[in-house]
Structures are given as C-alpha cells and as structure tokens.
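S.K.: Sending over final-v2.tsv (TSV, C-alpha atoms and all ligand atoms).
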```
chain	number	residue	atom	x	y	z
B	244	MET	CA	-121.06	38.14	149.44
B	245	GLU	CA	-121.23	34.36	149.67
B	246	ILE	CA	-119.12	31.83	147.78
B	247	ARG	CA	-120.64	28.39	147.43
B	248	LEU	CA	-120.77	25.37	145.17
B	249	ALA	CA	-122.93	25.95	142.09
B	250	GLY	CA	-126.20	24.08	141.77
B	251	GLY	CA	-128.23	23.39	138.64
B	252	GLY	CA	-130.25	26.56	139.31
B	253	ASP	CA	-127.10	28.70	138.96
B	254	ILE	CA	-126.09	27.54	135.50
B	255	ALA	CA	-128.34	30.02	133.65
B	256	ALA	CA	-126.44	32.83	135.41
B	257	VAL	CA	-123.09	31.20	134.60
B	258	GLN	CA	-124.03	31.10	130.91
B	259	ASP	CA	-125.42	34.65	131.03
B	260	ILE	CA	-122.15	35.98	132.45
B	261	GLN	CA	-120.09	34.23	129.77
B	262	ASN	CA	-122.46	35.29	127.01
B	263	HIS	CA	-121.76	38.93	127.79
B	264	TYR	CA	-118.01	38.40	127.21
B	265	ILE	CA	-118.66	36.23	124.13
B	266	ALA	CA	-120.78	38.93	122.48
B	267	ALA	CA	-118.77	41.97	123.52
B	268	THR	CA	-115.10	41.01	123.89
B	269	HIS	CA	-112.12	38.94	122.78
B	270	ILE	CA	-111.81	37.53	126.34
B	271	HIS	CA	-113.98	34.45	125.62
B	272	PHE	CA	-113.33	32.73	122.29
B	273	ALA	CA	-116.80	31.25	121.67
B	274	ALA	CA	-118.61	32.78	118.71
B	275	GLN	CA	-122.21	31.89	119.57
B	276	PRO	CA	-124.08	32.31	122.88
B	277	LEU	CA	-123.84	29.31	125.22
B	278	THR	CA	-127.18	27.64	125.93
B	279	LEU	CA	-128.54	26.52	129.28
B	280	GLU	CA	-128.69	22.91	128.04
B	281	GLU	CA	-124.99	22.95	127.12
B	282	GLY	CA	-124.11	24.43	130.49
B	283	LEU	CA	-126.15	21.91	132.44
B	284	ALA	CA	-124.65	19.00	130.50
B	285	GLU	CA	-121.11	20.30	131.09
B	286	TRP	CA	-121.73	20.95	134.79
B	287	ARG	CA	-123.33	17.52	135.35
B	288	GLY	CA	-120.40	15.81	133.63
B	289	ALA	CA	-117.77	17.77	135.54
B	290	ARG	CA	-119.07	18.49	139.04
B	291	GLU	CA	-117.85	15.38	140.89
B	292	LYS	CA	-114.21	16.02	139.98
B	293	HIS	CA	-114.22	19.76	139.25
B	294	PRO	CA	-115.44	22.50	141.59
B	295	TRP	CA	-117.84	25.00	140.04
B	296	LEU	CA	-118.12	27.89	142.50
B	297	VAL	CA	-120.42	30.90	142.38
B	298	SER	CA	-120.27	34.20	144.24
B	299	VAL	CA	-123.69	35.43	145.31
B	300	ASP	CA	-124.48	39.01	146.28
B	301	GLY	CA	-127.97	39.88	147.50
B	302	GLY	CA	-129.30	36.58	146.16
B	303	ARG	CA	-127.84	37.17	142.66
B	304	VAL	CA	-125.00	35.19	141.11
B	305	VAL	CA	-122.38	37.83	140.23
B	306	GLY	CA	-119.50	35.56	139.24
B	307	PHE	CA	-118.17	32.05	139.00
B	308	ALA	CA	-114.90	30.12	138.98
B	309	ARG	CA	-114.35	26.55	137.88
B	310	SER	CA	-111.78	24.03	136.84
B	311	SER	CA	-111.80	21.57	133.97
B	312	ALA	CA	-109.50	18.83	132.74
B	313	TRP	CA	-106.40	20.25	131.05
B	314	LYS	CA	-106.12	17.31	128.64
B	315	ALA	CA	-107.70	13.86	128.49
B	316	ARG	CA	-104.67	11.52	128.49
B	317	ALA	CA	-103.92	9.73	131.75
B	318	ALA	CA	-100.70	11.49	132.69
B	319	TYR	CA	-102.52	14.85	132.69
B	320	GLN	CA	-105.05	13.82	135.36
B	321	TRP	CA	-103.38	15.91	138.10
B	322	THR	CA	-103.49	19.09	135.98
B	323	VAL	CA	-106.49	21.40	135.69
B	324	GLU	CA	-107.37	24.48	133.69
B	325	THR	CA	-109.09	27.21	135.69
B	326	ALA	CA	-111.47	30.00	134.66
B	327	VAL	CA	-113.15	32.93	136.41
B	328	TYR	CA	-115.75	35.40	135.13
B	329	LEU	CA	-117.69	38.15	136.89
B	330	ARG	CA	-120.53	40.38	135.86
B	331	PRO	CA	-119.02	43.73	134.77
B	332	GLU	CA	-120.52	45.56	137.74
B	333	ALA	CA	-118.89	43.08	140.17
B	334	CYS	CA	-115.34	43.61	138.84
B	335	GLY	CA	-112.59	45.32	140.80
B	336	ARG	CA	-113.99	44.61	144.28
B	337	GLY	CA	-112.04	41.52	145.28
B	338	VAL	CA	-114.67	39.01	144.13
B	339	GLY	CA	-112.38	37.39	141.55
B	340	ARG	CA	-109.63	36.94	144.08
B	341	ALA	CA	-112.02	35.46	146.67
B	342	LEU	CA	-113.41	33.00	144.11
B	343	TYR	CA	-109.96	31.93	142.88
B	344	GLU	CA	-108.54	31.51	146.41
B	345	ARG	CA	-111.47	29.27	147.35
B	346	LEU	CA	-111.19	27.34	144.08
B	347	PHE	CA	-107.47	26.66	144.61
B	348	ALA	CA	-108.06	25.58	148.22
B	349	VAL	CA	-110.54	22.95	147.00
B	350	LEU	CA	-108.26	21.86	144.14
B	351	ARG	CA	-105.31	21.43	146.54
B	352	ALA	CA	-107.46	19.37	148.90
B	353	GLN	CA	-108.53	17.18	145.98
B	354	GLY	CA	-104.91	16.38	145.19
B	355	TYR	CA	-104.45	18.21	141.92
B	356	ARG	CA	-100.80	19.22	141.38
B	357	THR	CA	-100.86	21.90	138.65
B	358	ALA	CA	-103.29	24.68	137.69
B	359	ILE	CA	-103.12	26.44	134.32
B	360	GLY	CA	-105.05	29.50	133.19
B	361	GLY	CA	-105.19	30.90	129.65
B	362	ILE	CA	-105.64	34.65	129.17
B	363	THR	CA	-106.28	36.22	125.77
B	364	GLN	CA	-104.15	39.36	125.55
B	365	PRO	CA	-104.62	42.07	126.51
B	366	ASN	CA	-106.51	41.59	129.81
B	367	GLU	CA	-104.73	43.45	132.57
B	368	ALA	CA	-107.33	42.65	135.26
B	369	SER	CA	-107.04	38.92	134.61
B	370	VAL	CA	-103.23	38.96	134.47
B	371	ARG	CA	-103.15	40.85	137.77
B	372	LEU	CA	-105.58	38.43	139.38
B	373	HIS	CA	-103.65	35.34	138.22
B	374	GLU	CA	-100.37	36.81	139.52
B	375	ALA	CA	-101.99	37.99	142.76
B	376	VAL	CA	-102.94	34.39	143.61
B	377	GLY	CA	-99.43	33.10	142.83
B	378	MET	CA	-99.53	32.04	139.19
B	379	HIS	CA	-96.62	32.75	136.84
B	380	ARG	CA	-96.60	33.18	133.08
B	381	CYS	CA	-95.32	29.98	131.48
B	382	ALA	CA	-96.24	30.18	127.79
B	383	THR	CA	-97.39	32.46	125.00
B	384	PHE	CA	-99.20	31.27	121.90
B	385	GLU	CA	-99.15	34.04	119.35
B	386	ARG	CA	-102.18	34.40	117.07
B	387	ALA	CA	-103.88	31.40	118.73
B	388	GLY	CA	-107.41	32.59	117.99
B	389	PHE	CA	-109.30	34.66	115.39
B	390	LYS	CA	-112.31	36.73	116.47
B	391	PHE	CA	-113.83	40.07	115.43
B	392	GLY	CA	-111.63	40.12	112.30
B	393	LYS	CA	-108.25	39.84	114.00
B	394	TRP	CA	-105.81	37.38	115.56
B	395	TRP	CA	-105.37	37.19	119.33
B	396	THR	CA	-102.42	36.00	121.39
B	397	VAL	CA	-103.11	33.77	124.39
B	398	GLY	CA	-100.77	33.71	127.40
B	399	TYR	CA	-100.76	30.86	129.90
B	400	TRP	CA	-100.17	31.19	133.64
B	401	ARG	CA	-99.47	28.20	135.91
B	402	MET	CA	-99.05	27.32	139.55
B	403	ASP	CA	-97.92	24.30	141.54
B	404	LEU	CA	-100.77	23.18	143.76
B	405	GLY	CA	-99.17	20.33	145.62
B	406	GLY	CA	-95.48	20.30	144.88
B	407	THR	CA	-93.49	17.61	143.14
B	408	GLU	CA	-92.77	15.28	146.09
B	409	GLY	CA	-93.84	11.66	145.74
B	410	GLU	CA	-96.28	9.92	143.47
B	411	PRO	CA	-99.57	11.80	143.09
B	412	GLY	CA	-102.53	9.93	144.60
B	413	PRO	CA	-106.09	9.55	143.37
B	414	ILE	CA	-108.06	12.78	142.95
B	415	LEU	CA	-110.68	13.26	145.67
B	416	MET	CA	-114.28	14.05	144.80
B	417	VAL	CA	-115.23	17.71	145.27
B	418	ALA	CA	-117.65	16.79	148.08
B	419	ASP	CA	-114.89	14.98	150.03
B	420	ALA	CA	-112.42	17.84	149.51
B	421	LEU	CA	-114.97	20.37	150.75
B	422	ARG	CA	-115.13	18.50	154.08
B	423	ILE	CA	-111.35	19.05	154.41
B	424	VAL	CA	-111.36	22.78	153.54
B	425	ALA	CA	-114.65	23.66	155.26
R	1	LIG	C1	-110.52	39.14	135.65
R	1	LIG	C2	-111.49	39.20	136.82
R	1	LIG	C3	-112.01	37.81	137.15
R	1	LIG	C4	-110.71	39.76	138.04
R	1	LIG	O1	-111.57	39.74	139.16
R	1	LIG	P1	-111.78	41.09	140.02
R	1	LIG	O2	-112.72	40.80	141.11
R	1	LIG	O3	-112.13	42.18	139.06
R	1	LIG	O4	-110.31	41.34	140.58
R	1	LIG	P2	-109.95	41.64	142.10
R	1	LIG	O5	-110.72	42.87	142.54
R	1	LIG	O6	-110.11	40.39	142.90
R	1	LIG	O7	-108.42	42.04	141.97
R	1	LIG	C5	-107.40	41.06	141.80
R	1	LIG	C6	-106.13	41.77	141.40
R	1	LIG	O8	-106.29	42.33	140.08
R	1	LIG	C7	-106.11	43.75	140.12
R	1	LIG	N1	-107.10	44.33	139.21
R	1	LIG	C8	-108.44	44.14	139.23
R	1	LIG	N2	-109.01	44.80	138.20
R	1	LIG	C9	-108.01	45.41	137.53
R	1	LIG	C10	-107.97	46.23	136.37
R	1	LIG	N3	-109.09	46.55	135.70
R	1	LIG	N4	-106.77	46.66	135.94
R	1	LIG	C11	-105.62	46.33	136.59
R	1	LIG	N5	-105.60	45.52	137.71
R	1	LIG	C12	-106.79	45.09	138.17
R	1	LIG	C13	-106.36	44.14	141.55
R	1	LIG	O9	-105.68	45.34	141.90
R	1	LIG	C14	-105.78	42.94	142.28
R	1	LIG	O10	-104.37	42.99	142.26
R	1	LIG	P3	-103.51	43.19	143.58
R	1	LIG	O11	-103.99	42.14	144.57
R	1	LIG	O12	-102.11	42.97	143.12
R	1	LIG	O13	-103.84	44.58	144.02
R	1	LIG	C15	-112.69	40.15	136.51
R	1	LIG	O14	-112.20	41.45	136.31
R	1	LIG	C16	-113.51	39.71	135.32
R	1	LIG	O15	-114.41	38.91	135.46
R	1	LIG	N6	-113.17	40.25	134.13
R	1	LIG	C17	-113.89	39.92	132.92
R	1	LIG	C18	-113.81	38.43	132.58
R	1	LIG	C19	-112.39	37.94	132.52
R	1	LIG	O16	-111.51	38.63	132.02
R	1	LIG	N7	-112.19	36.72	133.01
R	1	LIG	C20	-110.89	36.08	132.96
R	1	LIG	C21	-110.71	35.45	131.63
R	1	LIG	S1	-109.02	34.88	131.43
```
Please, can you express the file's structure as structure tokens?
Ligand SMILES: CC(C)(COP(=O)(O)OP(=O)(O)OC[C@H]1O[C@@H](n2cnc3c(N)ncnc32)[C@H](O)[C@@H]1OP(=O)(O)O)[C@@H](O)C(=O)NCCC(=O)NCCS
M.R.:
Amino acid sequence: MEIRLAGGGDIAAVQDIQNHYIAATHIHFAAQPLTLEEGLAEWRGAREKHPWLVSVDGGRVVGFARSSAWKARAAYQWTVETAVYLRPEACGRGVGRALYERLFAVLRAQGYRTAIGGITQPNEASVRLHEAVGMHRCATFERAGFKFGKWWTVGYWRMDLGGTEGEPGPILMVADALRIVA
C-alpha cells in the first residue's frame, strides 16, 4: 500500500468513495452525489495549502485524507479541519491510521497549529482512529444535522499540531513541507 499526494486523476475515486457514504450512511452530510467537476475545482483551489493524500493498493485508490480551512477569517489560518474516508473493503486494516499519520506530519511541517475533526455520532471506528492518533474530544453539537428523517449529533475532536509557543509563522506550501517530511 502506497500513500502519496493526490493528482487530478485520483479525484474521481475520491468522489466515488464519498458518494458511497453519502448514499448509504449518516457519516457524510451531503444529500446529493458529489460530481467530478466539483471535486476537481475544490482540489485545484486547495492543493497548494492543503494536503490531499490517497492510499493506493494494487493500483487502485482505496482511501484518502485531506485538510481544509477551518474558517475563513484571518485568525483561523493556523487551524485546519481534517477528513478521512476509505472504501468499505479497506477498513480495519490500518489504512486510516497510516493516512492520518502522514497527513498530520505534513500539516505540522507546514506550520499549522491546530487540527479539528468532526464525527457524526455514532461512528466508533472514526472515534477510535481520531483518538489513536492523539486527538481529544472538545465539543458536541447536538442535533447539528438532519438526514434520513432524523437529527444527528456531531462531536468534534482536536489536537495541537505545533504547540502554543511563540507567534505562528506563515504556512508553508504543501510541496515545500513534503521536502521536510520526505
Ligand atoms: C474511520 C476510518 C477512516 C478508520 O480507518 P481504518 O483504517 O478503518 O482504521 P484503522 O484500521 O487504521 O484503525 C484505527 C483505530 O480504530 C480502531 N478501529 C478501526 N475500525 C474499528 C471499528 N469498526 N470499531 C472499533 N474500532 C475500530 C482500530 O482498532 C484502531 O484503534 P487502536 O489503534 O486503538 O487499536 C474508516 O473505518 C472509514 O473510512 N470509515 C468510513 C468513513 C468514515 O467514517 N470516515 C470518517 C468520517 S468522520
């Protein structure tokens, strides 16, 4: 299994993986399938500052992890939201952990200070993964989303990436950070 930076040719698989969870579960809150065009536009807009990683097994993308901006206002620029999704058949074999550990290594090298992950409850596998990599539950928003005819509670897990010492510096580009963690 290889973990590498996503390219444009991987985005169809990234959307396909998410579309399974959109159609079948409460885990992803979208209501309609995500299109390739939406995915490519999002990836192109994000990729310089946010790592999009894929795990590849036998030439097939079986999972991905990525970060995105937590909020747009300036003071939030050192905080990211993270996400990780695997194909069902790839779950429970350490792929999620490997993707998240690599993602956090790149985010640390970039100079981000805080990572936050939202998990719609219940999702034991995701809670266990977030806690296995060192995140701690920091918030609960009850009835934050409505899907499949019922309300869902979303818990948030967070982790310090770079500590609180000193003024945070400029965020490095993903390509520059990868040279540090390579
Ligand atoms: C959540 C997800 C990314 C976890 O990745 P994974 O590869 O299955 O998990 P790993 O094998 O790396 O295991 C990581 C930890 O979770 C635990 N775990 C994995 N699957 C579990 C399950 N079904 N139930 C309970 N714990 C589980 C492992 O034991 C391990 O914990 P440990 O290190 O304390 O032993 C993956 O299951 C997935 O894609 N699920 C569907 C999509 C999803 O929920 N994404 C997250 C949205 S918030």
S.K.: Enumerate residues in contact with ligand LIG 1 (chain R): an atom-to-atom distance of at most 9 Å, counting all atoms listed in the file. Format the result as a ChimeraX atom specification.
M.R.: /B:260-261,264,270-271,306-308,325-331,333-343,360-364,366-376
S.K.: I need the residue nearest Ala352 in chain B from this list: B:Cys381, B:Ala249, B:Ile414, B:Ala312. Use all atoms listed in the file for the distance.
M.R.: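 Of all the options, B:Ile414 lies closest to Ala352 in chain B.
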S.K.: Quick one: residues within 9 Å of range 388-399 of chain B, only C-alpha atoms counted, chain neighbours fewer than 2 positions away excluded, as number ranges by chain?
M.R.: B: 268-269, 272-274, 359-365, 379-386, 401
S.K.: Determine the axis-aligned bounding box of all atoms of range 413-423 of chain B present in the file, pad each side by 3 Å, and express its centre and edge lengths in Å to one decimal place as AutoDock Vina command-line options.
M.R.:
```
--center_x -111.9 --center_y 15.0 --center_z 148.7 --size_x 17.6 --size_y 16.8 --size_z 17.5
```
S.K.: Taking into account only C-alpha atoms, which residue in the set B:Gln258, B:Glu291, B:Ser298, B:Arg356 is nearest to Glu410 in chain B?
M.R.: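 Nearest to Glu410 in chain B: B:Arg356.
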S.K.: Using all atoms listed in the file, which residue out of B:Ala317, B:Leu296, B:Ala284, B:Met378 lies closest to Trp400 in chain B?
M.R.: B:Met378
S.K.: List as a list of chain:residue names the residues having at least one atom at most 12 Å from position (-128.5, 38.4, 142.9) as given in the file, counting only C-alpha atoms.
M.R.: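 Residues close enough to count: B:Met244, B:Glu245, B:Asp253, B:Ala256, B:Val297, B:Ser298, B:Val299, B:Asp300, B:Gly301, B:Gly302, B:Arg303, B:Val304, B:Val305, B:Gly306, B:Arg330, B:Glu332, B:Ala333.
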S.K.: Taking all atoms listed in the file into account, which of B:Val424, B:Ala387, B:Glu280, B:Ala267 comes nearest Glu344 in chain B?
M.R.: B:Val424
S.K.: Mind giving me the straight-line distance from CA of Leu277 in chain B to CA of Asn262 in chain B in Å, one decimal?
M.R.: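 Between CA of Leu277 in chain B and CA of Asn262 in chain B the gap is 6.4 Å.
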S.K.: Just the number, please: distance in Å from CA of His263 in chain B to CA of Ser311 in chain B, one decimal.
M.R.: 20.9 Å
S.K.: Please list as a PDB file with C-alpha atoms, in the frame of the given file every residue within 10 Å of Gly250 in chain B, counting all atoms listed in the file and excluding residues in the same chain fewer than 2 positions away.
M.R.:
```pdb
ATOM      1  CA  ARG B 247    -120.640  28.390 147.430  1.00  0.00           C
ATOM      2  CA  LEU B 248    -120.770  25.370 145.170  1.00  0.00           C
ATOM      3  CA  GLY B 252    -130.250  26.560 139.310  1.00  0.00           C
ATOM      4  CA  ASP B 253    -127.100  28.700 138.960  1.00  0.00           C
ATOM      5  CA  ILE B 254    -126.090  27.540 135.500  1.00  0.00           C
ATOM      6  CA  LEU B 283    -126.150  21.910 132.440  1.00  0.00           C
ATOM      7  CA  TRP B 286    -121.730  20.950 134.790  1.00  0.00           C
ATOM      8  CA  ARG B 287    -123.330  17.520 135.350  1.00  0.00           C
ATOM      9  CA  ARG B 290    -119.070  18.490 139.040  1.00  0.00           C
ATOM     10  CA  TRP B 295    -117.840  25.000 140.040  1.00  0.00           C
ATOM     11  CA  LEU B 296    -118.120  27.890 142.500  1.00  0.00           C
ATOM     12  CA  VAL B 297    -120.420  30.900 142.380  1.00  0.00           C
TER      13      VAL B 297
END
```
S.K.: Please compute the CA of Gln353 in chain B-CA of Arg316 in chain B distance, one decimal, in Å.
M.R.: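 Those two atoms sit 18.8 Å apart.
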S.K.: Considering all atoms listed in the file, state which residue in the set B:Ala425, B:Leu346, B:Val323, B:Met416 is at the smallest distance from Asp403 in chain B.
M.R.: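 Residue with the minimum atom-to-atom distance to Asp403 in chain B: B:Val323.
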S.K.: Find the spatial neighbours of Thr407 in chain B, counting all atoms listed in the file, within a cut-off of 12 Å - ignore same-chain residues fewer than 4 positions away - and output them as a PyMOL selection string.
M.R.: chain B and resi 321+354-357+402-403+411-412
S.K.: Using all atoms listed in the file, find the one residue out of B:Arg351, B:Gly251, B:Ile423, B:Gly288 that sits nearest to Leu404 in chain B.
M.R.: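 Smallest separation from Leu404 in chain B among the options: B:Arg351.
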